[in-house]
$ cat upload-v1.cif   # mmCIF, C-alpha atoms
data_upload
loop_
_atom_site.label_atom_id
_atom_site.label_comp_id
_atom_site.auth_asym_id
_atom_site.auth_seq_id
_atom_site.Cartn_x
_atom_site.Cartn_y
_atom_site.Cartn_z
CA MET A 1330 0.00 0.00 0.00
CA ALA A 1331 1.34 3.46 -0.87
CA GLY A 1332 0.76 6.73 0.91
CA THR A 1333 -1.13 8.09 -2.07
CA ASP A 1334 -3.53 5.14 -1.89
CA ILE A 1335 -4.77 6.08 1.55
CA ARG A 1336 -4.97 9.88 1.33
CA ASN A 1337 -8.70 9.81 0.53
CA ASP A 1338 -9.56 7.21 3.16
CA ALA A 1339 -12.14 8.81 5.46
CA ALA A 1340 -10.03 8.16 8.57
CA VAL A 1341 -6.99 9.73 6.94
CA VAL A 1342 -9.02 12.74 5.80
CA ARG A 1343 -10.23 13.13 9.37
CA TRP A 1344 -6.63 12.90 10.64
CA PHE A 1345 -5.40 15.58 8.27
CA GLU A 1346 -8.26 17.92 9.07
CA SER A 1347 -8.21 17.46 12.81
CA ALA A 1348 -4.42 17.73 13.13
CA HIS A 1349 -4.15 20.52 10.56
CA LEU A 1350 -1.58 18.43 8.68
CA ASP A 1351 -2.26 20.42 5.51
CA GLU A 1352 -0.20 23.15 7.17
CA LEU A 1353 2.88 20.94 7.00
CA THR A 1354 5.28 20.91 4.06
CA PRO A 1355 4.46 18.48 1.22
CA GLU A 1356 7.47 16.37 2.30
CA GLU A 1357 6.22 16.14 5.88
CA GLN A 1358 2.76 15.17 4.67
CA THR A 1359 4.17 12.54 2.33
CA HIS A 1360 6.29 11.09 5.13
CA ARG A 1361 3.26 10.72 7.39
CA LEU A 1362 1.16 9.08 4.69
CA ALA A 1363 3.91 6.69 3.70
CA LEU A 1364 4.53 5.74 7.29
CA LEU A 1365 0.85 5.07 7.94
CA ALA A 1366 0.60 3.07 4.71
CA ASP A 1367 3.57 0.95 5.81
CA PHE A 1368 1.98 0.41 9.19
CA CYS A 1369 -1.26 -0.65 7.52
CA ASP A 1370 0.75 -3.24 5.62
CA HIS A 1371 2.37 -4.33 8.87
CA ALA A 1372 -1.01 -4.64 10.60
CA GLY A 1373 -2.78 -6.06 7.57
CA GLN A 1374 -5.58 -3.51 7.89
CA PRO A 1375 -6.68 -0.39 6.03
CA PRO A 1376 -6.55 2.89 8.00
CA GLY A 1377 -10.19 2.98 9.00
CA GLU A 1378 -10.05 -0.52 10.44
CA LEU A 1379 -6.98 0.30 12.51
CA ALA A 1380 -8.90 2.79 14.60
CA ALA A 1381 -12.17 0.90 14.54
CA GLY A 1382 -10.37 -2.24 15.70
CA VAL A 1383 -9.44 -0.61 18.99
CA LEU A 1384 -13.05 0.24 19.73
CA ARG A 1385 -15.72 -2.01 21.15
CA THR A 1386 -19.42 -1.73 21.77
CA THR A 1387 -20.64 -1.96 25.34
CA LYS A 1388 -23.69 -3.90 26.50
CA ASP A 1389 -25.59 -0.61 26.40
CA GLY A 1390 -24.61 -0.02 22.79
CA GLU A 1391 -22.07 2.71 23.63
CA THR A 1392 -18.73 3.02 21.88
CA ALA A 1393 -15.76 2.36 24.15
CA ILE A 1394 -12.04 1.79 23.77
CA SER A 1395 -10.90 -1.77 24.33
CA ALA A 1396 -8.03 -1.54 26.81
CA LYS A 1397 -6.66 -4.89 25.66
CA ARG A 1398 -6.76 -3.98 21.99
CA ARG A 1399 -5.22 -0.58 22.70
CA THR A 1400 -2.34 -2.25 24.52
CA ALA A 1401 -1.97 -4.64 21.59
CA MET A 1402 -1.98 -1.70 19.19
CA ASN A 1403 0.75 0.06 21.19
CA THR A 1404 2.82 -3.12 21.06
CA SER A 1405 2.21 -3.45 17.34
CA ILE A 1406 3.37 0.13 16.77
CA ASP A 1407 6.55 -0.51 18.77
CA GLU A 1408 7.18 -3.70 16.78
CA PHE A 1409 6.63 -1.84 13.51
CA VAL A 1410 9.04 0.91 14.51
CA GLU A 1411 11.69 -1.62 15.47
CA LYS A 1412 11.16 -3.71 12.35
CA SER A 1413 11.48 -0.58 10.22
CA GLY A 1414 14.91 0.10 11.68
CA PHE A 1415 14.05 3.39 13.32
CA THR A 1416 16.09 4.24 16.40
CA GLY A 1417 16.42 7.09 18.88
CA LYS A 1418 14.30 10.15 18.33
CA GLU A 1419 13.25 8.92 14.90
CA ALA A 1420 11.72 5.84 16.51
CA VAL A 1421 9.79 7.92 19.00
CA ILE A 1422 8.58 10.39 16.37
CA ASN A 1423 7.51 7.78 13.85
CA GLY A 1424 5.71 5.63 16.41
CA ASN A 1425 3.88 8.71 17.58
CA ILE A 1426 2.91 9.65 14.02
CA ILE A 1427 0.94 6.41 13.91
CA ARG A 1428 -0.51 7.22 17.31
CA SER A 1429 -1.43 10.69 16.06
CA PHE A 1430 -3.54 9.05 13.37
CA LEU A 1431 -5.29 6.96 16.02
CA VAL A 1432 -5.69 9.92 18.40
CA HIS A 1433 -7.41 12.04 15.79
CA ASN A 1434 -9.73 9.13 15.07
CA GLY A 1435 -10.89 8.99 18.67
CA ILE A 1436 -8.43 6.58 20.26
CA PHE A 1437 -6.96 7.88 23.52
CA ILE A 1438 -3.45 6.51 23.32
CA GLN A 1439 0.03 7.68 24.24
CA GLY A 1440 3.54 6.75 23.34
CA ARG A 1441 6.81 7.66 24.93
CA ALA A 1442 8.25 11.16 24.86
CA TRP A 1443 11.70 11.87 23.48
CA ARG A 1444 13.92 13.16 26.26
CA GLY A 1445 16.99 13.81 24.15
CA MET B 337 -5.31 41.15 47.64
CA GLY B 338 -2.50 38.77 48.39
CA GLU B 339 -0.14 36.53 46.49
CA LEU B 340 -2.28 33.49 47.23
CA LEU B 341 -4.88 34.68 44.73
CA GLN B 342 -2.19 35.14 42.10
CA VAL B 343 -0.91 31.60 42.73
CA MET B 344 -4.43 30.17 42.48
CA GLY B 345 -4.95 32.12 39.28
CA ASN B 346 -1.66 30.90 37.84
CA ARG B 347 -2.37 27.21 38.41
CA ARG B 348 -2.84 25.23 35.23
CA SER B 349 -2.77 21.51 34.53
CA ILE B 350 0.75 21.23 33.15
CA ARG B 351 1.16 18.35 30.71
CA TYR B 352 4.57 19.10 29.22
CA PHE B 353 7.43 19.07 31.71
CA GLU B 354 11.13 19.76 31.35
CA PRO B 355 12.13 16.11 31.65
CA ASP B 356 15.71 16.68 32.72
CA LYS B 357 15.40 19.75 34.91
CA PRO B 358 15.72 18.40 38.44
CA VAL B 359 13.04 19.20 40.98
CA GLU B 360 14.64 20.21 44.25
CA ARG B 361 13.73 17.98 47.20
CA GLU B 362 13.33 21.15 49.24
CA LYS B 363 10.46 22.20 46.99
CA VAL B 364 8.84 18.79 47.27
CA GLN B 365 9.03 19.08 51.04
CA ILE B 366 7.29 22.44 50.83
CA MET B 367 4.49 20.73 48.89
CA LEU B 368 4.25 17.94 51.46
CA GLU B 369 4.16 20.37 54.37
CA ALA B 370 1.42 22.35 52.63
CA MET B 371 -0.56 19.12 52.37
CA ASN B 372 0.18 18.40 56.02
CA ARG B 373 -1.24 21.79 57.06
CA SER B 374 -4.58 21.29 55.32
CA SER B 375 -7.95 21.39 57.03
CA ARG B 376 -9.04 17.90 58.11
CA ALA B 377 -11.80 16.20 60.04
CA VAL B 378 -10.86 14.51 63.33
CA ASN B 379 -7.33 15.84 62.75
CA ALA B 380 -6.64 12.72 60.72
CA ASP B 381 -3.92 12.17 58.15
CA PHE B 382 -6.18 11.25 55.26
CA VAL B 383 -3.53 11.41 52.57
CA LYS B 384 -0.63 9.06 52.35
CA ALA B 385 1.71 9.83 49.50
CA VAL B 386 4.81 8.23 48.09
CA VAL B 387 7.25 10.57 46.37
CA VAL B 388 9.13 8.93 43.55
CA TYR B 389 11.93 10.49 41.55
CA ARG B 390 11.45 9.05 38.07
CA ASP B 391 15.14 8.49 37.42
CA GLU B 392 15.60 6.66 40.71
CA LEU B 393 13.04 4.01 39.78
CA GLU B 394 14.24 0.72 38.41
CA PRO B 395 13.79 0.99 34.62
CA ASP B 396 11.52 -2.05 34.48
CA VAL B 397 9.29 -0.63 37.20
CA LEU B 398 9.07 2.69 35.37
CA GLU B 399 8.05 0.87 32.21
CA GLN B 400 5.41 -1.12 34.09
CA LEU B 401 3.91 2.06 35.53
CA LYS B 402 3.24 3.34 32.03
CA THR B 403 -0.09 2.62 30.44
CA PRO B 404 -1.29 3.44 26.94
CA THR B 405 -2.84 6.55 28.48
CA THR B 406 -0.06 7.87 30.74
CA THR B 407 3.19 7.08 28.95
CA ALA B 408 4.23 10.53 27.76
CA GLU B 409 3.58 12.30 31.05
CA ILE B 410 5.50 9.69 33.02
CA ASP B 411 8.42 10.09 30.64
CA MET B 412 8.42 13.84 31.04
CA ALA B 413 7.69 14.48 34.73
CA PRO B 414 10.76 14.07 36.95
CA VAL B 415 8.74 13.61 40.14
CA HIS B 416 5.74 11.37 40.65
CA ILE B 417 3.74 11.63 43.86
CA PHE B 418 1.41 8.67 44.30
CA CYS B 419 -1.49 9.84 46.45
CA TYR B 420 -3.66 7.51 48.51
CA LEU B 421 -6.48 7.78 50.99
CA ASP B 422 -5.59 5.99 54.21
CA LEU B 423 -8.83 4.19 55.06
CA SER B 424 -7.67 3.70 58.65
CA TYR B 425 -8.17 7.38 59.36
CA THR B 426 -10.68 6.76 62.12
CA ASP B 427 -8.04 4.83 64.07
CA GLY B 428 -6.81 6.98 66.90
CA ALA B 429 -9.41 9.62 66.18
CA GLN B 430 -10.60 9.71 69.78
CA GLY B 431 -7.11 10.51 71.00
CA ARG B 432 -6.63 13.24 68.44
CA LEU B 433 -10.03 14.77 69.22
CA LYS B 434 -9.21 14.72 72.91
CA GLU B 435 -5.97 16.51 72.19
CA LEU B 436 -7.86 19.17 70.26
CA VAL B 437 -10.27 19.58 73.18
CA GLN B 438 -7.35 19.93 75.57
CA LEU B 439 -5.74 22.52 73.30
CA GLY B 440 -9.01 24.46 73.01
CA ALA B 441 -9.30 24.01 69.27
CA LEU B 442 -12.48 22.10 70.00
CA ASN B 443 -14.18 23.82 72.88
CA PRO B 444 -17.25 23.90 75.09
CA SER B 445 -18.62 26.88 73.17
CA HIS B 446 -19.32 24.48 70.38
CA GLY B 447 -20.35 21.53 72.51
CA TRP B 448 -17.05 19.69 72.76
CA SER B 449 -15.80 18.04 75.96
CA GLU B 450 -13.44 15.22 76.87
CA THR B 451 -16.41 13.27 78.18
CA TYR B 452 -18.20 13.54 74.85
CA VAL B 453 -15.07 12.35 73.07
CA ASP B 454 -14.51 9.52 75.57
CA GLU B 455 -18.06 8.23 75.82
CA VAL B 456 -20.05 9.22 72.75
CA VAL B 457 -17.98 10.00 69.69
CA TRP B 458 -16.76 6.55 68.82
CA ALA B 459 -20.08 4.74 69.04
CA THR B 460 -22.26 7.36 67.40
CA VAL B 461 -19.97 9.13 64.94
CA LEU B 462 -16.76 7.33 64.14
CA LYS B 463 -17.87 3.72 64.25
CA PRO B 464 -20.73 4.25 61.77
CA ILE B 465 -18.27 5.94 59.40
CA ALA B 466 -15.63 3.25 59.83
CA SER B 467 -18.09 0.43 59.27
CA ASP B 468 -19.50 1.77 55.98
CA PRO B 469 -16.92 1.60 53.16
CA GLY B 470 -18.89 4.02 51.00
CA ILE B 471 -19.11 6.71 53.67
CA LEU B 472 -15.56 6.03 54.82
CA SER B 473 -14.14 6.62 51.36
CA TYR B 474 -16.24 9.60 50.32
CA ILE B 475 -15.65 11.53 53.54
CA GLY B 476 -11.99 10.72 53.34
CA ALA B 477 -11.71 11.62 49.68
CA ILE B 478 -13.00 15.13 50.37
CA ASP B 479 -10.35 15.84 52.97
CA ALA B 480 -7.69 14.15 50.89
CA GLY B 481 -8.61 16.38 47.98
CA VAL B 482 -8.30 19.47 50.14
CA ALA B 483 -4.79 18.38 51.16
CA ILE B 484 -3.67 17.51 47.64
CA ASN B 485 -4.88 20.87 46.37
CA GLN B 486 -2.79 22.69 48.95
CA GLY B 487 0.23 20.74 47.80
CA MET B 488 -0.49 21.67 44.19
CA LEU B 489 -0.79 25.35 45.00
CA ALA B 490 2.44 25.23 46.99
CA ALA B 491 4.10 23.70 43.93
CA VAL B 492 2.83 26.50 41.69
CA ASP B 493 4.10 29.00 44.25
CA GLN B 494 7.55 27.40 43.88
CA GLY B 495 7.50 27.78 40.11
CA LEU B 496 6.68 24.13 39.50
CA GLY B 497 4.00 22.65 37.27
CA VAL B 498 1.61 19.95 38.44
CA CYS B 499 -1.12 17.77 37.04
CA LEU B 500 -3.25 15.01 38.53
CA HIS B 501 -3.41 11.72 36.65
CA ALA B 502 -4.82 8.25 36.87
CA PHE B 503 -2.21 5.53 37.29
CA ASN B 504 -1.66 1.81 37.12
CA THR B 505 -2.68 1.07 40.70
CA ASP B 506 -1.83 -2.64 40.68
CA VAL B 507 1.72 -2.08 39.47
CA ALA B 508 2.24 0.85 41.83
CA LYS B 509 0.93 -1.15 44.77
CA LYS B 510 3.42 -3.91 44.17
CA ALA B 511 6.33 -1.67 43.21
CA LEU B 512 5.90 0.80 46.05
CA GLY B 513 4.79 -1.61 48.77
CA ILE B 514 1.41 0.04 49.23
CA PRO B 515 -0.62 -1.45 52.11
CA ASP B 516 -4.11 -2.81 51.48
CA HIS B 517 -5.84 -0.03 53.44
CA TRP B 518 -4.52 2.73 51.17
CA LEU B 519 -7.08 3.58 48.51
CA PRO B 520 -5.51 4.89 45.28
CA LEU B 521 -6.49 8.47 44.50
CA HIS B 522 -4.23 10.25 42.04
CA LEU B 523 -0.78 10.37 40.62
CA LEU B 524 0.44 13.94 41.06
CA LEU B 525 3.07 14.66 38.42
CA VAL B 526 5.53 17.42 39.26
CA GLY B 527 8.19 19.20 37.27
CA TYR B 528 9.21 22.46 35.75
CA PRO B 529 6.83 23.35 32.92
CA ALA B 530 8.17 22.92 29.41
CA GLU B 531 5.13 24.79 28.21
CA ASP B 532 4.37 28.37 29.08
CA PRO B 533 3.35 27.93 32.73
CA LEU B 534 0.38 30.16 32.04
CA THR B 535 -0.36 28.22 28.83
CA GLY B 536 -1.74 31.23 27.07
CA GLY B 537 -4.55 31.87 29.53
CA GLN B 538 -7.02 30.28 31.91
CA ARG B 539 -9.28 27.39 31.00
CA PRO B 540 -12.94 28.29 30.49
CA ARG B 541 -15.00 28.49 33.65
CA ARG B 542 -18.73 28.99 34.00
CA PRO B 543 -20.04 32.09 35.79
CA LEU B 544 -20.48 31.96 39.55
CA SER B 545 -24.24 32.23 39.07
CA SER B 546 -24.36 28.77 37.47
CA GLN B 547 -22.73 27.07 40.46
CA PHE B 548 -23.31 29.15 43.56
CA PHE B 549 -26.49 30.37 45.14
CA MET B 550 -27.65 32.78 47.77
CA GLY B 551 -30.13 31.80 50.45
CA ASN B 552 -31.61 28.90 48.52
CA ALA B 553 -30.71 26.65 45.64
CA SER B 554 -32.73 28.57 43.07
CA THR B 555 -31.31 32.04 43.63
CA PRO B 556 -28.04 32.44 41.73
CA TRP B 557 -25.18 34.30 43.34
CA GLU B 558 -25.01 37.80 41.93
CA GLU B 559 -21.48 38.85 41.20
CA ILE B 560 -20.27 42.17 42.53
CA PRO B 561 -18.58 43.71 39.48
CA ALA B 562 -16.07 45.67 41.54
CA VAL B 563 -14.88 42.48 43.22
CA THR B 564 -14.60 40.70 39.90
CA GLU B 565 -12.46 43.56 38.70
CA GLN B 566 -10.32 43.39 41.85
CA LEU B 567 -9.79 39.67 41.25
CA LYS B 568 -8.64 40.36 37.73
CA GLN B 569 -6.15 42.87 39.10
CA ALA B 570 -5.01 40.33 41.70
CA GLY B 571 -4.47 37.65 39.09
CA LEU B 572 -7.09 35.15 40.23
CA ILE B 573 -9.13 35.80 37.11
CA GLN B 574 -6.94 35.86 34.01
CA ASN B 575 -7.41 36.09 30.28
CA PRO B 576 -8.84 32.97 28.64
CA VAL B 577 -6.78 30.65 26.50
CA ASP B 578 -5.90 31.95 23.06
CA ALA B 579 -6.67 28.78 21.10
CA GLU B 580 -4.54 29.66 18.09
CA LYS B 581 -1.54 30.54 20.24
CA ARG B 582 -2.01 27.38 22.25
CA ARG B 583 -2.25 25.22 19.14
CA ALA B 584 1.04 26.61 17.91
CA GLU B 585 2.61 25.95 21.29
CA VAL B 586 1.32 22.37 21.37
CA ARG B 587 2.69 21.73 17.89
CA SER B 588 6.07 23.09 18.91
CA LEU B 589 6.14 20.97 22.07
CA ALA B 590 4.97 17.89 20.22
CA GLN B 591 7.81 18.31 17.75
CA ARG B 592 10.34 18.81 20.52
CA PHE B 593 9.31 15.65 22.35
CA GLY B 594 8.37 13.59 19.30
CA LEU B 595 4.78 13.37 20.45
CA PRO B 596 1.61 13.19 18.37
CA GLU B 597 0.53 16.48 16.90
#

$ encode --input "upload-v1.cif" --output "structure tokens"
Amino acid sequence: MAGTDIRNDAAVVRWFESAHLDELTPEEQTHRLALLADFCDHAGQPPGELAAGVLRTTKDGETAISAKRRTAMNTSIDEFVEKSGFTGKEAVINGNIIRSFLVHNGIFIQGRAWRG
Amino acid sequence: MGELLQVMGNRRSIRYFEPDKPVEREKVQIMLEAMNRSSRAVNADFVKAVVVYRDELEPDVLEQLKTPTTTAEIDMAPVHIFCYLDLSYTDGAQGRLKELVQLGALNPSHGWSETYVDEVVWATVLKPIASDPGILSYIGAIDAGVAINQGMLAAVDQGLGVCLHAFNTDVAKKALGIPDHWLPLHLLLVGYPAEDPLTGGQRPRRPLSSQFFMGNASTPWEEIPAVTEQLKQAGLIQNPVDAEKRRAEVRSLAQRFGLPE
């Protein structure tokens, strides 16, 4: 999957709008899209399913975040970052770019902060 | 108007800390003493707190304390204060009340006597509280909150930033040796703010008339404009957040720390 393939995905559109990513340089935007596309390949899911997969429906029909699936998603992001060969600050930034996509699609999730 | 109002006005929930700027133990002690001086029923020590310097924790314990919802803050804040409600707060209450009677803090003018404390208080006041977990925890949580707030304001007065968080209570209990009768309340994160400590302005608050009433619950409190103006001058009431300015600040901080934008 390429970054250009996912740009019009509804979840990606939401991400760009909510995070004001259109304000970034074209290179920065391309990097984010390519990274998310690679993660989708890693996870075997299109963007919209990534976020939806962390959600669950309660007995009362409400939408909730599955704590177990969120933990699994965090682990999957860390695995992806490691597998991609990112290290140091680049690893933190790129993992958190994936989390940014999830955050702007309603998933309350955090990654580590770079302390330099 | 005193500095206290300015400190209260300056308090914000700080979520970006300078991760490597050490927090002086002296300042932490000031926070703890402020908590220790808080108003409290039966002169009990409702709050028990464990101060943890992040970099003194075993790395594996630090990792375990992180959850998918508290990772970044734990990475950034140099000091973590794990706050608990000590559910044994009624233990020894009779002795403490008697001491207060002897010191005149509790006095006959208000109905207090050593005899009342000796013969009545336990059976009719303290025992019913101690035997009902719901009442025990909600009464305690109020006084614990009062204490924690004093500690937070003392921190702001020392130039520190603070924010209350949820935490992984099971991991913390094991890692910190927390006894069974301590009820988890909050993780108080402490550090020097990496963000503007005033974060562009105060968070929105509703008018007094929507929360406070005069004489009965259907008569809203009427603000006295001159007092409101005085409070603005004193710094308790400050300008609201400038959302555009704040968004730019968040983006800058996110880029610095590699966090989601």

$ resolve_selection --input "upload-v1.cif" --expression "the PyMOL selection byres ((chain A and resi 1374-1383) around 7)" --output "list in words"
Ala1340, Val1341, Cys1369, Asp1370, Ala1372, Gly1373, Leu1384, Arg1385, Ile1394, Ser1395, Arg1398, Arg1399, Leu1431, Asn1434 and Ile1436 of chain A

$ write_last_selection --input "upload-v1.cif" --atoms "C-alpha atoms" --output "PDB file, in the frame of the given file"
ATOM      1  CA  ALA A1340     -10.030   8.160   8.570  1.00  0.00           C
ATOM      2  CA  VAL A1341      -6.990   9.730   6.940  1.00  0.00           C
ATOM      3  CA  CYS A1369      -1.260  -0.650   7.520  1.00  0.00           C
ATOM      4  CA  ASP A1370       0.750  -3.240   5.620  1.00  0.00           C
ATOM      5  CA  ALA A1372      -1.010  -4.640  10.600  1.00  0.00           C
ATOM      6  CA  GLY A1373      -2.780  -6.060   7.570  1.00  0.00           C
ATOM      7  CA  LEU A1384     -13.050   0.240  19.730  1.00  0.00           C
ATOM      8  CA  ARG A1385     -15.720  -2.010  21.150  1.00  0.00           C
ATOM      9  CA  ILE A1394     -12.040   1.790  23.770  1.00  0.00           C
ATOM     10  CA  SER A1395     -10.900  -1.770  24.330  1.00  0.00           C
ATOM     11  CA  ARG A1398      -6.760  -3.980  21.990  1.00  0.00           C
ATOM     12  CA  ARG A1399      -5.220  -0.580  22.700  1.00  0.00           C
ATOM     13  CA  LEU A1431      -5.290   6.960  16.020  1.00  0.00           C
ATOM     14  CA  ASN A1434      -9.730   9.130  15.070  1.00  0.00           C
ATOM     15  CA  ILE A1436      -8.430   6.580  20.260  1.00  0.00           C
TER      16      ILE A1436
END

$ closest_atom_pairs --input "upload-v1.cif" --of "chain A" --to "chain B" --cutoff "9 Å" --atoms "all atoms listed in the file" --output "tab-separated table"
residue	atom	partner	partner_atom	distance
A:Ala1348	CA	B:Glu597	CA	6.3
A:His1349	CA	B:Glu597	CA	8.9
A:Leu1350	CA	B:Glu597	CA	8.7
A:Ala1396	CA	B:Pro404	CA	8.4
A:Arg1399	CA	B:Pro404	CA	7.0
A:Thr1400	CA	B:Pro404	CA	6.3
A:Asn1403	CA	B:Pro404	CA	7.0
A:Lys1418	CA	B:Gly594	CA	6.9
A:Glu1419	CA	B:Gly594	CA	8.1
A:Ala1420	CA	B:Gly594	CA	8.9
A:Val1421	CA	B:Gly594	CA	5.9
A:Ile1422	CA	B:Gly594	CA	4.3
A:Asn1423	CA	B:Gly594	CA	8.0
A:Gly1424	CA	B:Leu595	CA	8.8
A:Asn1425	CA	B:Pro596	CA	5.1
A:Ile1426	CA	B:Pro596	CA	5.8
A:Ile1427	CA	B:Pro596	CA	8.1
A:Arg1428	CA	B:Pro596	CA	6.4
A:Ser1429	CA	B:Pro596	CA	4.6
A:Phe1430	CA	B:Pro596	CA	8.3
A:Val1432	CA	B:Pro596	CA	8.0
A:Phe1437	CA	B:Thr405	CA	6.6
A:Ile1438	CA	B:Thr405	CA	5.2
A:Gln1439	CA	B:Pro404	CA	5.2
A:Gly1440	CA	B:Thr407	CA	5.6
A:Arg1441	CA	B:Ala408	CA	4.8
A:Ala1442	CA	B:Ala408	CA	5.0
A:Trp1443	CA	B:Phe593	CA	4.6
A:Arg1444	CA	B:Pro355	CA	6.4
A:Gly1445	CA	B:Phe593	CA	8.1

$ write_last_selection --input "upload-v1.cif" --atoms "C-alpha atoms" --output "compact mmCIF listing (two decimals), keeping the file's coordinate frame"
# COMPACT_ATOMS: atom_id res chain seq x y z
CA ALA A 1348 -4.42 17.73 13.13
CA HIS A 1349 -4.15 20.52 10.56
CA LEU A 1350 -1.58 18.43 8.68
CA ALA A 1396 -8.03 -1.54 26.81
CA ARG A 1399 -5.22 -0.58 22.70
CA THR A 1400 -2.34 -2.25 24.52
CA ASN A 1403 0.75 0.06 21.19
CA LYS A 1418 14.30 10.15 18.33
CA GLU A 1419 13.25 8.92 14.90
CA ALA A 1420 11.72 5.84 16.51
CA VAL A 1421 9.79 7.92 19.00
CA ILE A 1422 8.58 10.39 16.37
CA ASN A 1423 7.51 7.78 13.85
CA GLY A 1424 5.71 5.63 16.41
CA ASN A 1425 3.88 8.71 17.58
CA ILE A 1426 2.91 9.65 14.02
CA ILE A 1427 0.94 6.41 13.91
CA ARG A 1428 -0.51 7.22 17.31
CA SER A 1429 -1.43 10.69 16.06
CA PHE A 1430 -3.54 9.05 13.37
CA VAL A 1432 -5.69 9.92 18.40
CA PHE A 1437 -6.96 7.88 23.52
CA ILE A 1438 -3.45 6.51 23.32
CA GLN A 1439 0.03 7.68 24.24
CA GLY A 1440 3.54 6.75 23.34
CA ARG A 1441 6.81 7.66 24.93
CA ALA A 1442 8.25 11.16 24.86
CA TRP A 1443 11.70 11.87 23.48
CA ARG A 1444 13.92 13.16 26.26
CA GLY A 1445 16.99 13.81 24.15

$ residues_near_point --input "upload-v1.cif" --point "(-5.6, 24.3, 33.7)" --cutoff "10 Å" --atoms "all atoms listed in the file" --output "ChimeraX atom specification"
/B:345-351,498-499,533-535,537-540,577

$ resolve_selection --input "upload-v1.cif" --expression "the PyMOL selection byres ((chain B and resi 506-510) around 9)" --output "mmCIF file with C-alpha atoms, in the coordinates of the input"
data_model
loop_
_atom_site.group_PDB
_atom_site.id
_atom_site.type_symbol
_atom_site.label_atom_id
_atom_site.label_comp_id
_atom_site.auth_asym_id
_atom_site.auth_seq_id
_atom_site.Cartn_x
_atom_site.Cartn_y
_atom_site.Cartn_z
ATOM 1 C CA VAL B 397 9.290 -0.630 37.200
ATOM 2 C CA GLN B 400 5.410 -1.120 34.090
ATOM 3 C CA LEU B 401 3.910 2.060 35.530
ATOM 4 C CA PHE B 418 1.410 8.670 44.300
ATOM 5 C CA PHE B 503 -2.210 5.530 37.290
ATOM 6 C CA ASN B 504 -1.660 1.810 37.120
ATOM 7 C CA THR B 505 -2.680 1.070 40.700
ATOM 8 C CA ALA B 511 6.330 -1.670 43.210
ATOM 9 C CA LEU B 512 5.900 0.800 46.050
ATOM 10 C CA GLY B 513 4.790 -1.610 48.770
ATOM 11 C CA ILE B 514 1.410 0.040 49.230
ATOM 12 C CA PRO B 515 -0.620 -1.450 52.110
ATOM 13 C CA ASP B 516 -4.110 -2.810 51.480
ATOM 14 C CA PRO B 520 -5.510 4.890 45.280
#

$ atom_distance --input "upload-v1.cif" --atom1 "CA of Ser424 in chain B" --atom2 "CA of Val453 in chain B"
18.4 Å

$ atom_distance --input "upload-v1.cif" --atom1 "CA of Ala530 in chain B" --atom2 "CA of Lys568 in chain B"
25.6 Å

$ closest_residue --input "upload-v1.cif" --among "B:Leu423, B:Ala380, B:Leu524, B:Val437" --to "Tyr474 in chain B" --atoms "only C-alpha atoms"
B:Leu423

$ atom_distance --input "upload-v1.cif" --atom1 "CA of Val388 in chain B" --atom2 "CA of Met371 in chain B"
16.6 Å

$ resolve_selection --input "upload-v1.cif" --expression "the PyMOL selection byres ((chain B and resi 381) around 9)" --output "CSV table (one decimal) with C-alpha atoms, keeping the file's coordinate frame"
chain,number,residue,atom,x,y,z
B,372,ASN,CA,0.2,18.4,56.0
B,376,ARG,CA,-9.0,17.9,58.1
B,378,VAL,CA,-10.9,14.5,63.3
B,379,ASN,CA,-7.3,15.8,62.8
B,380,ALA,CA,-6.6,12.7,60.7
B,382,PHE,CA,-6.2,11.2,55.3
B,383,VAL,CA,-3.5,11.4,52.6
B,384,LYS,CA,-0.6,9.1,52.4
B,421,LEU,CA,-6.5,7.8,51.0
B,422,ASP,CA,-5.6,6.0,54.2
B,425,TYR,CA,-8.2,7.4,59.4
B,480,ALA,CA,-7.7,14.2,50.9
